[in-house]
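Asker: Structure below; questions to follow.
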Amino acid sequence: MNKPQKKDTSWNNVASWYDELLKNDDSYQAKVVLPNLLRVLDLKKGEAVYDLACGQGYFADVFAHMGANVVASDLSKNLIETAKKNSKPASPSQGGEKINFYISPAHKAQFLKDNTIDTIVVVLAIQNIENVGEVFTECKRVLKKEGRIVLVLNHPAFRVPQGSDWYFADGVQSRIVSQYLSPSKIYIDMTPGEKNPKKKIKTISFHRSLQDYVKLFSKSGFAITRLEEWISHKQSQNGPRQLAEDKARKEIPMFMCLEIKNIK
């Protein structure tokens, strides 16, 4: 896990799929992540925000229309092209400017000067980045002295790719975890129903425990100032497992949000 990211990215192949996913008003991004994220961020007009690994610009566009001055980057050329097409410049009354998008690996933000960013946002992307130590070092460089990073990730204790799953027995829905402390690199099948091998699309995810992240934060000069755990908004259809499944969703969080700030 010590090799830097390659210039190509598996997310190039799923750019169109991801864009369509975020157009769904009932997506996790729309119903869970966005409202909670905006509450945590409490963005101020003119705040300098860097949307790191921005994907197709879904969140960056919202930040800009709230009056933030937004810069965004992603390694995927296809996602950035989609982001530019989707982006609508904020009106003068909203105070935001046109978003500046860049194609760039997460650990290199040459387009940003030292100590110029108030807030860096990384939404559901840190688990797709291999060389996270270098990423936090670069974040440290571009952040202002009192700057912060806000991370949203799949909950590392309960959402372990190929290491966790739902289990139902005796009327109780549980989350079973067979792997947690060991870091891993997992290939995720984004087309599970596709039979043609040539049409199969896979992305890469990296599992890390919470202590792995905390060690990385400390090494890079950051400390956790806020931690929240967010549940799914989904509800089960009528059936024998409905009550158990709905209860489990309220008890076992799907996402974790971390705010970390400069301490040295």
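By convention in this document, the chains of the structure tokens carry letters A, B, ... by their order, each chain's residues are numbered from 1, and ligands are numbered from 1 in the order they are shown.
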Please, which residues of range 47-220 of chain A, numbered as in this document, come out strand (DSSP E) from DSSP, as a PyMOL selection string?
Answerer: chain A and resi 48-52+69-74+100-103+117-123+143-154+164-169+172-177+184-189+202-207
Asker: Tell me which protein, DNA and RNA residues are within 8 Å of range 98-100 of chain A, counting only C-alpha atoms, leaving out same-chain ones fewer than 3 positions away, and put them as a list in words.
Answerer: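 Counting only the stated atoms, we get Ala60, Asp61, Ala64, Asn69, Val70, Val71, Ala72, Ser87, Lys88, Pro89 and Ala90 of chain A.
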Asker: Excluding Gln237 in chain A and any residue of its chain fewer than 6 positions from it, enumerate the residues within 10 Å of it, using only C-alpha atoms, and give them as JSON, numbers by chain.
Answerer: {"A": [243, 245, 246]}
Asker: Any idea what's packed within 8 Å of Gln127 in chain A, counting only C-alpha atoms, ignoring anything in its chain fewer than 2 positions away? Could you give it as an NGL selection string?
Answerer: :A and (124-125 or 129-130 or 153-154 or 205-208)
Asker: Show me, as a PyMOL selection string, the residues that have an atom within 12 Å of Val152 in chain A when counting only C-alpha atoms, minus same-chain residues fewer than 6 positions from it.
Answerer: chain A and resi 29+32-34+36-38+40-41+51-53+59+120-127+226-230+254-260
Asker: Keeping only C-alpha atoms, take the residues you just selected and write them out as a short mmCIF file (atom, residue, chain, number, x, y, z; two decimals), in the first residue's frame.
Answerer:
```
data_model
loop_
_atom_site.label_atom_id
_atom_site.label_comp_id
_atom_site.auth_asym_id
_atom_site.auth_seq_id
_atom_site.Cartn_x
_atom_site.Cartn_y
_atom_site.Cartn_z
CA GLN A 29 -25.59 11.85 -0.93
CA VAL A 32 -27.90 11.91 4.39
CA VAL A 33 -24.52 13.31 3.44
CA LEU A 34 -25.39 16.76 2.05
CA ASN A 36 -25.43 16.76 7.59
CA LEU A 37 -22.30 18.03 5.86
CA LEU A 38 -23.69 21.54 5.41
CA VAL A 40 -21.14 20.58 10.15
CA LEU A 41 -19.42 22.97 7.73
CA ASP A 51 -13.26 20.14 -2.58
CA LEU A 52 -10.63 17.41 -2.80
CA ALA A 53 -11.48 14.40 -4.97
CA PHE A 59 -20.94 19.13 -3.47
CA ILE A 120 -10.82 21.19 2.75
CA VAL A 121 -13.72 18.81 2.16
CA VAL A 122 -13.21 15.15 1.22
CA VAL A 123 -16.51 13.35 0.72
CA LEU A 124 -16.61 9.56 0.34
CA ALA A 125 -13.23 9.60 -1.37
CA ILE A 126 -10.49 9.09 1.21
CA GLN A 127 -11.13 5.32 1.16
CA ARG A 226 -15.42 16.66 15.80
CA LEU A 227 -16.71 13.17 15.12
CA GLU A 228 -20.22 12.24 14.02
CA GLU A 229 -21.81 8.98 12.88
CA TRP A 230 -24.65 9.16 10.36
CA MET A 254 -23.39 3.96 7.73
CA PHE A 255 -21.11 6.99 7.54
CA MET A 256 -18.57 8.74 9.73
CA CYS A 257 -17.76 12.45 9.60
CA LEU A 258 -14.49 13.74 11.01
CA GLU A 259 -13.32 17.32 11.39
CA ILE A 260 -9.59 17.71 11.93
#
```
Asker: So which residues touch range 131-135 of chain A within 12 Å, counting only C-alpha atoms, skipping near sequence neighbours fewer than 4 positions away, as a ChimeraX atom specification?
Answerer: /A:1-6,52-53,104-109,120,122,125-127,139-142,149,185,206-208,212-222
Asker: So, counting only C-alpha atoms, which residue among A:Ala244, A:Cys54, A:Ile263, A:Ala30 is closest to Phe168 in chain A?
Answerer: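 Residue with the minimum atom-to-atom distance to Phe168 in chain A: A:Ala244.
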Asker: Could you give me, as CSV, every range 127-163 of chain A residue with an atom at most 12 Å from range 170-182 of chain A, plus its closest atom pair and distance in Å to one decimal, counting only C-alpha atoms, rows ordered by chain then number?
Answerer:
```
residue,atom,partner,partner_atom,distance
A:His155,CA,A:Tyr180,CA,11.0
A:Pro156,CA,A:Tyr180,CA,7.7
A:Ala157,CA,A:Tyr180,CA,6.4
A:Phe158,CA,A:Val177,CA,6.8
A:Arg159,CA,A:Val177,CA,8.4
A:Val160,CA,A:Tyr180,CA,6.9
A:Pro161,CA,A:Gln179,CA,9.1
A:Gln162,CA,A:Gln179,CA,8.4
A:Gly163,CA,A:Gln179,CA,4.9
```
Asker: Could you tell me which of A:Asn262, A:Gln56, A:Ser76, A:Asn128 comes closest to Ile204 in chain A if we count only C-alpha atoms?
Answerer: A:Asn128
Asker: Among range 32-249 of chain A, which residues carry a DSSP assignment of helix (DSSP H, G or I), reported as an MDAnalysis selection string?
Answerer: chainID A and resid 32:41 58:65 77:86 92:94 126:128 132:142 197:199 210:219 242:249
Asker: Restricting the calculation to only C-alpha atoms: of A:Tyr28, A:Tyr187, A:Tyr50, A:Tyr58, which residue gets closest to Lys113 in chain A?
Answerer: A:Tyr50
Asker: So how far away is CA of Thr116 in chain A from CA of Glu81 in chain A, in Å?
Answerer: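 Interatomic distance, CA of Glu81 in chain A to CA of Thr116 in chain A: 25.2 Å.
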